[in-house]
$ cat protein21.cif   # mmCIF, C-alpha atoms
data_model
#
loop_
_atom_site.group_PDB
_atom_site.id
_atom_site.type_symbol
_atom_site.label_atom_id
_atom_site.label_comp_id
_atom_site.auth_asym_id
_atom_site.auth_seq_id
_atom_site.Cartn_x
_atom_site.Cartn_y
_atom_site.Cartn_z
ATOM 1 C CA MET A 174 0.000 0.000 0.000
ATOM 2 C CA ASN A 175 2.909 2.292 0.678
ATOM 3 C CA ASN A 176 4.430 1.531 -2.641
ATOM 4 C CA THR A 177 5.482 4.766 -4.314
ATOM 5 C CA HIS A 178 6.564 5.313 -7.865
ATOM 6 C CA PRO A 179 9.450 7.747 -8.353
ATOM 7 C CA LYS A 180 8.236 8.384 -11.888
ATOM 8 C CA ASN A 181 4.860 9.706 -10.632
ATOM 9 C CA LYS A 182 6.516 11.815 -7.970
ATOM 10 C CA SER A 183 8.629 13.691 -10.488
ATOM 11 C CA LEU A 184 5.676 14.424 -12.778
ATOM 12 C CA PRO A 185 4.359 17.469 -10.855
ATOM 13 C CA LEU A 186 7.876 18.854 -10.673
ATOM 14 C CA LEU A 187 8.358 18.460 -14.407
ATOM 15 C CA THR A 188 4.996 20.119 -15.073
ATOM 16 C CA LEU A 189 5.943 22.994 -12.789
ATOM 17 C CA LEU A 190 9.279 23.350 -14.568
ATOM 18 C CA ALA A 191 7.580 23.366 -17.964
ATOM 19 C CA LEU A 192 5.125 26.078 -16.807
ATOM 20 C CA LEU A 193 8.024 28.121 -15.437
ATOM 21 C CA VAL A 194 9.886 27.909 -18.756
ATOM 22 C CA LEU A 195 6.709 28.927 -20.617
ATOM 23 C CA ALA A 196 6.163 31.892 -18.281
ATOM 24 C CA ILE A 197 9.751 33.076 -18.752
ATOM 25 C CA PHE A 198 9.430 32.665 -22.516
ATOM 26 C CA ALA A 199 6.177 34.636 -22.567
ATOM 27 C CA GLY A 200 7.739 37.381 -20.452
ATOM 28 C CA THR A 201 10.778 37.824 -22.650
ATOM 29 C CA THR A 202 9.083 37.544 -26.026
ATOM 30 C CA ALA A 203 7.445 40.862 -26.915
ATOM 31 C CA GLN A 204 4.031 40.554 -28.502
ATOM 32 C CA ALA A 205 3.571 43.027 -31.363
ATOM 33 C CA THR A 206 0.233 44.813 -31.255
ATOM 34 C CA GLY A 207 -1.274 46.736 -34.149
ATOM 35 C CA LEU A 208 -2.170 50.365 -33.631
ATOM 36 C CA ARG A 209 -3.212 53.182 -35.985
ATOM 37 C CA LEU A 210 -3.004 56.853 -35.064
ATOM 38 C CA LEU A 211 -4.999 59.230 -37.282
ATOM 39 C CA TYR A 212 -3.567 62.624 -36.431
ATOM 40 C CA ALA A 213 -3.720 66.279 -37.333
ATOM 41 C CA ASN A 214 -2.701 69.591 -35.804
ATOM 42 C CA ASP A 215 -3.078 73.321 -36.377
ATOM 43 C CA ASN A 216 -6.475 73.226 -38.057
ATOM 44 C CA LEU A 217 -6.516 76.955 -37.165
ATOM 45 C CA GLY A 218 -10.243 77.455 -37.381
ATOM 46 C CA GLU A 219 -10.593 76.031 -40.916
ATOM 47 C CA LEU A 220 -13.901 74.508 -41.966
ATOM 48 C CA ASP A 221 -12.919 73.734 -45.530
ATOM 49 C CA GLY A 222 -9.117 73.530 -45.897
ATOM 50 C CA CYS A 223 -7.936 71.125 -48.601
ATOM 51 C CA GLY A 224 -4.483 69.937 -49.676
ATOM 52 C CA MET B 139 -16.839 73.084 -49.593
ATOM 53 C CA GLY B 140 -15.759 70.869 -46.823
ATOM 54 C CA GLY B 141 -12.185 70.008 -45.780
ATOM 55 C CA LEU B 142 -13.661 68.710 -42.534
ATOM 56 C CA SER B 143 -16.270 66.592 -44.334
ATOM 57 C CA LYS B 144 -13.559 65.047 -46.540
ATOM 58 C CA LYS B 145 -11.445 64.422 -43.476
ATOM 59 C CA ALA B 146 -14.430 62.791 -41.739
ATOM 60 C CA SER B 147 -15.017 60.474 -44.691
ATOM 61 C CA LEU B 148 -11.323 59.530 -44.839
ATOM 62 C CA ILE B 149 -11.075 58.930 -41.089
ATOM 63 C CA LYS B 150 -14.183 56.749 -41.052
ATOM 64 C CA ASN B 151 -12.703 54.584 -43.812
ATOM 65 C CA LEU B 152 -9.295 54.301 -42.159
ATOM 66 C CA ALA B 153 -10.772 53.613 -38.717
ATOM 67 C CA ALA B 154 -12.960 50.817 -40.086
ATOM 68 C CA ASP B 155 -9.948 48.607 -40.872
ATOM 69 C CA PRO B 156 -10.254 45.728 -38.374
ATOM 70 C CA GLY B 157 -6.518 45.011 -38.654
ATOM 71 C CA HIS B 158 -5.647 48.457 -37.313
ATOM 72 C CA PRO B 159 -7.539 49.622 -34.215
ATOM 73 C CA ALA B 160 -7.422 53.418 -34.477
ATOM 74 C CA LEU B 161 -7.264 56.514 -32.295
ATOM 75 C CA VAL B 162 -8.156 59.938 -33.728
ATOM 76 C CA VAL B 163 -5.849 62.613 -32.330
ATOM 77 C CA ASN B 164 -5.926 66.406 -32.635
ATOM 78 C CA GLY B 165 -2.572 67.788 -31.592
ATOM 79 C CA GLY B 166 -3.687 71.345 -30.789
ATOM 80 C CA ASN B 167 -4.499 74.767 -32.269
ATOM 81 C CA LEU B 168 -7.731 73.313 -33.585
ATOM 82 C CA LEU B 169 -10.026 76.304 -33.202
ATOM 83 C CA PHE B 170 -8.597 79.719 -34.112
ATOM 84 C CA LYS B 171 -6.195 81.306 -36.611
ATOM 85 C CA THR B 172 -4.491 83.646 -34.174
ATOM 86 C CA ASP B 173 -3.636 84.009 -30.482
ATOM 87 C CA ALA B 174 -5.921 87.055 -30.216
ATOM 88 C CA LEU B 175 -9.190 87.702 -32.062
ATOM 89 C CA PRO B 176 -10.360 91.131 -33.287
ATOM 90 C CA ALA B 177 -13.508 92.200 -31.421
ATOM 91 C CA ASN B 178 -15.496 92.587 -34.652
ATOM 92 C CA ASP B 179 -14.856 88.947 -35.623
ATOM 93 C CA LEU B 180 -15.037 87.292 -32.204
ATOM 94 C CA GLU B 181 -18.577 85.912 -32.492
ATOM 95 C CA ALA B 182 -18.030 84.592 -36.025
ATOM 96 C CA ALA B 183 -14.813 82.897 -34.922
ATOM 97 C CA LYS B 184 -16.629 81.321 -31.964
ATOM 98 C CA LEU B 185 -19.439 80.028 -34.211
ATOM 99 C CA THR B 186 -16.853 78.503 -36.542
ATOM 100 C CA ALA B 187 -15.037 76.936 -33.597
ATOM 101 C CA ASP B 188 -18.318 75.433 -32.321
ATOM 102 C CA GLY B 189 -18.813 73.798 -35.719
ATOM 103 C CA ILE B 190 -15.240 72.502 -35.781
ATOM 104 C CA VAL B 191 -15.606 70.819 -32.381
ATOM 105 C CA GLN B 192 -18.922 69.229 -33.408
ATOM 106 C CA ALA B 193 -17.410 67.980 -36.675
ATOM 107 C CA THR B 194 -14.346 66.653 -34.838
ATOM 108 C CA ARG B 195 -16.561 64.679 -32.497
ATOM 109 C CA MET B 196 -18.656 63.350 -35.397
ATOM 110 C CA MET B 197 -15.523 61.949 -37.037
ATOM 111 C CA GLY B 198 -14.550 60.053 -33.884
ATOM 112 C CA GLY B 199 -12.334 62.627 -32.186
ATOM 113 C CA THR B 200 -12.515 62.298 -28.411
ATOM 114 C CA LEU B 201 -9.588 64.490 -27.406
ATOM 115 C CA ALA B 202 -7.514 67.492 -28.457
ATOM 116 C CA GLY B 203 -4.449 69.199 -27.077
ATOM 117 C CA ILE B 204 -4.758 72.875 -26.188
ATOM 118 C CA GLY B 205 -2.430 75.131 -28.171
ATOM 119 C CA THR B 206 -1.972 78.835 -27.464
ATOM 120 C CA ARG B 207 -4.346 79.739 -30.311
ATOM 121 C CA ASP B 208 -7.146 77.685 -28.762
ATOM 122 C CA LEU B 209 -7.103 80.221 -25.901
ATOM 123 C CA ALA B 210 -8.032 83.145 -28.150
ATOM 124 C CA ALA B 211 -11.704 83.272 -27.072
ATOM 125 C CA GLY B 212 -10.903 82.750 -23.392
ATOM 126 C CA ILE B 213 -11.189 79.933 -20.878
ATOM 127 C CA PRO B 214 -15.008 80.047 -20.409
ATOM 128 C CA PHE B 215 -15.542 79.457 -24.144
ATOM 129 C CA LEU B 216 -13.111 76.558 -24.171
ATOM 130 C CA ARG B 217 -14.791 75.067 -21.103
ATOM 131 C CA GLN B 218 -18.098 74.868 -22.973
ATOM 132 C CA HIS B 219 -16.524 72.160 -25.110
ATOM 133 C CA GLN B 220 -14.930 70.238 -22.272
ATOM 134 C CA LYS B 221 -17.191 67.163 -22.092
ATOM 135 C CA PRO B 222 -15.189 64.211 -20.789
ATOM 136 C CA PRO B 223 -15.178 61.326 -21.504
ATOM 137 C CA ASP B 224 -16.839 62.091 -24.876
ATOM 138 C CA PHE B 225 -14.499 64.966 -25.658
ATOM 139 C CA SER B 226 -11.555 66.105 -23.546
ATOM 140 C CA LEU B 227 -9.427 69.196 -24.035
ATOM 141 C CA LEU B 228 -6.000 68.431 -22.621
ATOM 142 C CA SER B 229 -3.250 70.477 -21.042
ATOM 143 C CA LEU B 230 -0.974 69.596 -18.188
ATOM 144 C CA ASN B 231 0.523 73.047 -17.702
ATOM 145 C CA LEU B 232 -2.391 75.406 -18.397
ATOM 146 C CA VAL B 233 -3.275 76.244 -14.811
ATOM 147 C CA ASP B 234 -5.319 78.417 -12.503
ATOM 148 C CA PRO B 235 -2.860 81.146 -11.417
ATOM 149 C CA ALA B 236 -4.098 81.024 -7.811
ATOM 150 C CA THR B 237 -4.008 77.268 -7.227
ATOM 151 C CA ARG B 238 -1.536 76.220 -9.959
ATOM 152 C CA GLN B 239 -3.906 73.312 -10.680
ATOM 153 C CA PRO B 240 -4.688 72.351 -14.324
ATOM 154 C CA LEU B 241 -7.786 74.070 -15.731
ATOM 155 C CA PHE B 242 -8.419 71.158 -18.122
ATOM 156 C CA THR B 243 -7.783 67.418 -18.195
ATOM 157 C CA PRO B 244 -4.037 66.793 -17.823
ATOM 158 C CA THR B 245 -4.034 63.218 -19.107
ATOM 159 C CA VAL B 246 -6.458 60.577 -20.418
ATOM 160 C CA MET B 247 -6.224 56.831 -20.975
ATOM 161 C CA ARG B 248 -7.524 55.196 -24.144
ATOM 162 C CA GLN B 249 -7.649 51.467 -24.893
ATOM 163 C CA VAL B 250 -6.936 50.966 -28.592
ATOM 164 C CA GLY B 251 -7.014 47.301 -29.554
ATOM 165 C CA GLY B 252 -4.527 45.617 -27.244
ATOM 166 C CA VAL B 253 -2.678 48.820 -26.356
ATOM 167 C CA LYS B 254 -3.417 51.066 -23.384
ATOM 168 C CA ILE B 255 -2.441 54.589 -24.406
ATOM 169 C CA ALA B 256 -1.851 57.483 -22.027
ATOM 170 C CA VAL B 257 -2.378 60.795 -23.815
ATOM 171 C CA LEU B 258 -1.132 64.001 -22.264
ATOM 172 C CA ALA B 259 -0.677 67.496 -23.624
ATOM 173 C CA ILE B 260 1.397 70.578 -22.920
ATOM 174 C CA THR B 261 0.787 74.156 -24.018
ATOM 175 C CA ASP B 262 3.686 76.417 -25.055
ATOM 176 C CA HIS B 263 4.405 78.628 -22.028
ATOM 177 C CA THR B 264 6.225 81.210 -24.172
ATOM 178 C CA GLY B 265 2.892 82.175 -25.774
ATOM 179 C CA PRO B 266 0.449 84.724 -24.335
ATOM 180 C CA GLN B 267 -0.456 84.482 -20.649
ATOM 181 C CA GLY B 268 -4.041 85.052 -19.484
ATOM 182 C CA LYS B 269 -5.202 88.580 -18.834
ATOM 183 C CA ALA B 270 -6.586 89.486 -15.405
ATOM 184 C CA GLY B 271 -5.496 86.198 -13.877
ATOM 185 C CA GLU B 272 -7.642 84.030 -16.173
ATOM 186 C CA PHE B 273 -4.922 81.441 -16.705
ATOM 187 C CA ARG B 274 -1.219 80.841 -16.589
ATOM 188 C CA VAL B 275 0.923 78.484 -18.660
ATOM 189 C CA LEU B 276 3.781 76.958 -16.691
ATOM 190 C CA PRO B 277 7.042 75.676 -18.232
ATOM 191 C CA TRP B 278 6.890 71.970 -19.122
ATOM 192 C CA GLN B 279 9.820 71.322 -16.795
ATOM 193 C CA ASP B 280 7.556 72.020 -13.789
ATOM 194 C CA SER B 281 5.331 68.973 -14.188
ATOM 195 C CA LEU B 282 5.975 66.789 -17.246
ATOM 196 C CA GLN B 283 8.646 64.453 -15.858
ATOM 197 C CA GLU B 284 6.706 63.912 -12.655
ATOM 198 C CA THR B 285 3.469 63.128 -14.521
ATOM 199 C CA VAL B 286 5.153 60.725 -16.931
ATOM 200 C CA ALA B 287 6.785 58.917 -13.999
ATOM 201 C CA LYS B 288 3.333 58.448 -12.428
ATOM 202 C CA ILE B 289 1.644 57.014 -15.529
ATOM 203 C CA ARG B 290 4.460 54.990 -17.082
ATOM 204 C CA HIS B 291 3.490 51.771 -15.292
ATOM 205 C CA GLU B 292 -0.221 52.145 -16.116
ATOM 206 C CA ALA B 293 0.193 52.606 -19.872
ATOM 207 C CA ASP B 294 1.634 50.540 -22.722
ATOM 208 C CA PHE B 295 2.224 53.644 -24.834
ATOM 209 C CA ILE B 296 2.701 57.286 -23.840
ATOM 210 C CA LEU B 297 1.642 59.943 -26.356
ATOM 211 C CA LEU B 298 2.447 63.604 -25.763
ATOM 212 C CA LEU B 299 0.625 66.338 -27.689
ATOM 213 C CA SER B 300 3.072 69.217 -27.566
ATOM 214 C CA ASN B 301 2.553 72.840 -28.536
ATOM 215 C CA TYR B 302 6.314 73.500 -28.242
ATOM 216 C CA SER B 303 8.867 73.921 -31.046
ATOM 217 C CA LEU B 304 10.866 71.034 -32.497
ATOM 218 C CA ASP B 305 13.988 72.132 -30.582
ATOM 219 C CA GLU B 306 12.077 72.084 -27.314
ATOM 220 C CA ASN B 307 10.435 68.749 -28.153
ATOM 221 C CA GLN B 308 13.857 67.232 -28.802
ATOM 222 C CA GLU B 309 14.873 68.398 -25.337
ATOM 223 C CA ILE B 310 11.691 66.823 -23.924
ATOM 224 C CA ALA B 311 12.551 63.548 -25.705
ATOM 225 C CA ARG B 312 16.034 63.552 -24.176
ATOM 226 C CA THR B 313 14.690 64.354 -20.711
ATOM 227 C CA CYS B 314 11.576 62.142 -20.587
ATOM 228 C CA SER B 315 12.618 58.898 -22.256
ATOM 229 C CA ASP B 316 9.371 57.116 -21.321
ATOM 230 C CA ILE B 317 7.412 59.204 -23.832
ATOM 231 C CA ASP B 318 6.960 57.069 -26.950
ATOM 232 C CA LEU B 319 5.579 59.642 -29.378
ATOM 233 C CA ILE B 320 5.352 63.426 -29.552
ATOM 234 C CA LEU B 321 2.859 64.974 -31.976
ATOM 235 C CA GLN B 322 3.644 68.643 -32.441
ATOM 236 C CA ALA B 323 1.264 71.570 -32.919
ATOM 237 C CA GLY B 324 2.277 75.138 -33.642
ATOM 238 C CA HIS B 325 5.628 76.480 -34.914
ATOM 239 C CA ALA B 326 4.526 75.370 -38.407
ATOM 240 C CA VAL B 327 7.020 73.057 -40.069
ATOM 241 C CA GLY B 328 4.691 71.352 -42.561
ATOM 242 C CA ASN B 329 4.501 67.595 -42.964
ATOM 243 C CA MET B 330 7.435 66.329 -40.918
ATOM 244 C CA THR B 331 8.421 62.700 -41.459
ATOM 245 C CA PRO B 332 8.807 61.132 -37.995
ATOM 246 C CA ILE B 333 12.259 61.482 -36.463
ATOM 247 C CA LEU B 334 13.605 59.408 -33.591
ATOM 248 C CA ILE B 335 15.203 61.347 -30.740
ATOM 249 C CA ASN B 336 16.490 59.174 -27.919
ATOM 250 C CA LYS B 337 13.540 56.749 -27.443
ATOM 251 C CA THR B 338 10.843 59.084 -28.732
ATOM 252 C CA LEU B 339 9.383 59.521 -32.201
ATOM 253 C CA ILE B 340 8.389 63.106 -33.152
ATOM 254 C CA SER B 341 6.010 64.011 -35.976
ATOM 255 C CA GLN B 342 3.848 66.876 -37.237
ATOM 256 C CA VAL B 343 1.297 67.456 -40.018
ATOM 257 C CA GLU B 344 0.852 70.463 -42.327
ATOM 258 C CA THR B 345 -1.423 73.240 -41.014
ATOM 259 C CA ARG B 346 -5.009 74.264 -41.832
ATOM 260 C CA GLY B 347 -6.484 70.795 -42.197
ATOM 261 C CA LYS B 348 -4.862 70.113 -45.554
ATOM 262 C CA TYR B 349 -3.475 66.696 -44.627
ATOM 263 C CA LEU B 350 -4.173 63.786 -42.318
ATOM 264 C CA GLY B 351 -1.289 61.915 -40.689
ATOM 265 C CA VAL B 352 -1.627 58.118 -40.561
ATOM 266 C CA LEU B 353 0.846 56.295 -38.332
ATOM 267 C CA ASP B 354 0.527 52.483 -38.344
ATOM 268 C CA ILE B 355 2.543 50.813 -35.591
ATOM 269 C CA ASP B 356 3.280 47.206 -34.691
ATOM 270 C CA TRP B 357 3.971 48.005 -31.079
ATOM 271 C CA GLN B 358 6.465 45.941 -29.073
ATOM 272 C CA GLY B 359 6.587 48.076 -25.936
ATOM 273 C CA HIS B 360 8.397 51.101 -24.463
ATOM 274 C CA GLY B 361 11.790 51.919 -25.929
ATOM 275 C CA HIS B 362 11.534 49.448 -28.803
ATOM 276 C CA TRP B 363 11.507 51.806 -31.821
ATOM 277 C CA ASN B 364 14.983 50.504 -32.657
ATOM 278 C CA GLU B 365 14.428 46.938 -31.485
ATOM 279 C CA GLY B 366 11.560 45.312 -33.298
ATOM 280 C CA THR B 367 8.755 47.845 -33.359
ATOM 281 C CA THR B 368 7.965 48.726 -36.954
ATOM 282 C CA TYR B 369 5.893 51.608 -38.246
ATOM 283 C CA THR B 370 4.770 53.290 -41.442
ATOM 284 C CA ASN B 371 3.747 56.933 -41.653
ATOM 285 C CA ARG B 372 1.740 58.607 -44.413
ATOM 286 C CA PHE B 373 0.474 62.129 -44.949
ATOM 287 C CA ILE B 374 -2.740 61.988 -46.963
ATOM 288 C CA ALA B 375 -3.728 65.200 -48.768
ATOM 289 C CA LEU B 376 -7.414 66.105 -48.490
ATOM 290 C CA LYS B 377 -8.089 66.693 -52.174
ATOM 291 C CA LEU B 378 -11.172 68.303 -53.680
ATOM 292 C CA SER B 379 -11.878 65.062 -55.554
ATOM 293 C CA MET B 380 -12.348 63.098 -52.313
ATOM 294 C CA SER B 381 -15.798 62.140 -51.130
ATOM 295 C CA ASN B 382 -17.556 64.075 -48.370
ATOM 296 C CA ASP B 383 -19.139 62.661 -45.253
ATOM 297 C CA PRO B 384 -22.789 63.781 -45.680
ATOM 298 C CA GLU B 385 -23.459 64.465 -41.985
ATOM 299 C CA VAL B 386 -20.337 66.545 -41.474
ATOM 300 C CA GLU B 387 -20.877 68.275 -44.823
ATOM 301 C CA ALA B 388 -24.368 69.347 -43.687
ATOM 302 C CA LEU B 389 -22.933 70.635 -40.414
ATOM 303 C CA VAL B 390 -20.162 72.558 -42.197
ATOM 304 C CA GLN B 391 -22.632 74.174 -44.601
ATOM 305 C CA GLN B 392 -24.986 75.105 -41.770
ATOM 306 C CA THR B 393 -22.102 76.592 -39.775
ATOM 307 C CA GLN B 394 -20.813 78.535 -42.775
ATOM 308 C CA GLN B 395 -24.288 79.971 -43.446
ATOM 309 C CA ARG B 396 -24.627 81.108 -39.830
ATOM 310 C CA VAL B 397 -21.162 82.700 -39.916
ATOM 311 C CA ASP B 398 -21.925 84.485 -43.219
ATOM 312 C CA LYS B 399 -25.225 85.796 -41.848
ATOM 313 C CA LEU B 400 -23.510 87.080 -38.707
ATOM 314 C CA ARG B 401 -20.793 88.822 -40.720
ATOM 315 C CA GLN B 402 -23.351 90.362 -43.107
ATOM 316 C CA GLY B 403 -25.341 91.666 -40.132
ATOM 317 C CA ALA B 404 -22.208 93.145 -38.572
ATOM 318 C CA ALA B 405 -21.253 94.828 -41.864
ATOM 319 C CA ARG B 406 -24.576 96.714 -42.135
#

$ encode --input "protein21.cif" --output "structure tokens"
Amino acid sequence: MNNTHPKNKSLPLLTLLALLVLAIFAGTTAQATGLRLLYANDNLGELDGCG
Amino acid sequence: MGGLSKKASLIKNLAADPGHPALVVNGGNLLFKTDALPANDLEAAKLTADGIVQATRMMGGTLAGIGTRDLAAGIPFLRQHQKPPDFSLLSLNLVDPATRQPLFTPTVMRQVGGVKIAVLAITDHTGPQGKAGEFRVLPWQDSLQETVAKIRHEADFILLLSNYSLDENQEIARTCSDIDLILQAGHAVGNMTPILINKTLISQVETRGKYLGVLDIDWQGHGHWNEGTTYTNRFIALKLSMSNDPEVEALVQQTQQRVDKLRQGAAR
């Protein structure tokens, strides 16, 4: 009944290690995020300025 | 007719691209041609400015920096258009002379796609100061660094709308390295292709609503302009051949008619 399996014991440790590696990888790999800025300045009171 | 209605149509098309979540930004000096308005044209200039703010909001604009020229009709007029969160007029250093507290919103946060953007604005303190204690503009050195330090951990991207000159903005970029982008207003330099100073990109668009700046960014995080973040910048001319946004066109025409009527009445 007290028989233990070393293989099973190491499984949680391995899982933990794998999660740790994944977390480190995620933290050091920047995730590019798309962004668009539509910008203008100095309209200077113009209602109908065109280029 | 209708630079603003062409701009509205263009912005609506560009903002509808699902691959590029967009933020509409007005850098400053939106409302008036000059720092001071002649008394005989004050009401017409205010009517025009009312129309410009309405049109800006209709095209998705939710914020604008305050340049020195926006102060031409006084603080109470500007306050009429301060309607956060729908529309915020921003300035960190435009303050009440008695309390030295900002008269308008110093900074706002906007979530654009997966990026949390802090937008703040500064007004050029070398421009006119308020008469009779209405307002005071403090040097940027008094508060900018401190404010950026407070928000840098809350935001993915820090955008400064600056009414200062390019020389001064380069100094800001060297001093406040957590600012990712400076969009200039005032000190007209025309369409200025973005330049990188320290860790900050600086750009500006031609005056009088003739162009729209479009900056597409694949953002990798603070300080990464040289290390993976890529961007493309375009200046799109608002040509007469472009289509008009019907709602904004109607507003522009209505505003122009009211302004013409007012000026005709004043001329009699």

$ resolve_selection --input "protein21.cif" --expression "the PyMOL selection byres ((chain B and resi 145) around 10)" --output "number ranges by chain"
A: 221-223; B: 140-144, 146-151, 193-194, 197, 347-350, 374-377, 380-383, 386

$ write_last_selection --input "protein21.cif" --atoms "C-alpha atoms" --output "compact mmCIF listing (two decimals), in the frame of the given file"
# COMPACT_ATOMS: atom_id res chain seq x y z
CA ASP A 221 -12.92 73.73 -45.53
CA GLY A 222 -9.12 73.53 -45.90
CA CYS A 223 -7.94 71.12 -48.60
CA GLY B 140 -15.76 70.87 -46.82
CA GLY B 141 -12.18 70.01 -45.78
CA LEU B 142 -13.66 68.71 -42.53
CA SER B 143 -16.27 66.59 -44.33
CA LYS B 144 -13.56 65.05 -46.54
CA ALA B 146 -14.43 62.79 -41.74
CA SER B 147 -15.02 60.47 -44.69
CA LEU B 148 -11.32 59.53 -44.84
CA ILE B 149 -11.08 58.93 -41.09
CA LYS B 150 -14.18 56.75 -41.05
CA ASN B 151 -12.70 54.58 -43.81
CA ALA B 193 -17.41 67.98 -36.67
CA THR B 194 -14.35 66.65 -34.84
CA MET B 197 -15.52 61.95 -37.04
CA GLY B 347 -6.48 70.80 -42.20
CA LYS B 348 -4.86 70.11 -45.55
CA TYR B 349 -3.48 66.70 -44.63
CA LEU B 350 -4.17 63.79 -42.32
CA ILE B 374 -2.74 61.99 -46.96
CA ALA B 375 -3.73 65.20 -48.77
CA LEU B 376 -7.41 66.10 -48.49
CA LYS B 377 -8.09 66.69 -52.17
CA MET B 380 -12.35 63.10 -52.31
CA SER B 381 -15.80 62.14 -51.13
CA ASN B 382 -17.56 64.08 -48.37
CA ASP B 383 -19.14 62.66 -45.25
CA VAL B 386 -20.34 66.54 -41.47

$ resolve_selection --input "protein21.cif" --expression "the PyMOL selection byres ((chain B) within 8 of (chain A))" --output "PyMOL selection string"
chain B and resi 139-143+149+157-172+183+186-187+189-190+207+250-253+322-324+342-359+367+375-378+390

$ closest_residue --input "protein21.cif" --among "B:Pro384, B:Pro176, B:Gly212, B:Gly271" --to "Arg238 of chain B" --atoms "only C-alpha atoms"
B:Gly271

$ resolve_selection --input "protein21.cif" --expression "the PyMOL selection byres ((chain B and resi 254) around 10)" --output "short mmCIF file (atom, residue, chain, number, x, y, z; two decimals) with C-alpha atoms, in the coordinates of the input"
data_model
loop_
_atom_site.label_atom_id
_atom_site.label_comp_id
_atom_site.auth_asym_id
_atom_site.auth_seq_id
_atom_site.Cartn_x
_atom_site.Cartn_y
_atom_site.Cartn_z
CA MET B 247 -6.22 56.83 -20.98
CA ARG B 248 -7.52 55.20 -24.14
CA GLN B 249 -7.65 51.47 -24.89
CA VAL B 250 -6.94 50.97 -28.59
CA GLY B 251 -7.01 47.30 -29.55
CA GLY B 252 -4.53 45.62 -27.24
CA VAL B 253 -2.68 48.82 -26.36
CA ILE B 255 -2.44 54.59 -24.41
CA ALA B 256 -1.85 57.48 -22.03
CA VAL B 257 -2.38 60.80 -23.82
CA GLU B 292 -0.22 52.14 -16.12
CA ALA B 293 0.19 52.61 -19.87
CA ASP B 294 1.63 50.54 -22.72
CA PHE B 295 2.22 53.64 -24.83
CA ILE B 296 2.70 57.29 -23.84
#

$ atom_distance --input "protein21.cif" --atom1 "atom CA of Ala174 of chain B" --atom2 "atom CA of Gly205 of chain B"
12.6 Å

$ closest_residue --input "protein21.cif" --among "B:Met330, B:Ala388, B:Ala182, B:Leu241" --to "Gly403 of chain B" --atoms "all atoms listed in the file"
B:Ala182

$ atom_distance --input "protein21.cif" --atom1 "atom CA of Arg406 of chain B" --atom2 "atom CA of Asn178 of chain B"
12.5 Å

$ residues_around --input "protein21.cif" --residues "Pro277 of chain B" --least-positions-apart "6" --cutoff "10 Å" --atoms "all atoms listed in the file" --output "list in words"
Asn231, Leu232, Ile260, Thr261, Asp262, His263 and Thr264 of chain B

$ atom_distance --input "protein21.cif" --atom1 "atom CA of Glu365 of chain B" --atom2 "atom CA of Cys314 of chain B"
18.9 Å

$ residues_near_point --input "protein21.cif" --point "(11.5, 71.4, -31.2)" --cutoff "12 Å" --atoms "only C-alpha atoms" --output "list in words"
Asp262, Ser300, Asn301, Tyr302, Ser303, Leu304, Asp305, Glu306, Asn307, Gln308, Glu309, Ile310, Ala311, Arg312, Ile320, Leu321, Gln322, Ala323, Gly324, His325, Ala326, Val327, Met330, Ile333, Ile335, Ile340, Ser341 and Gln342 of chain B
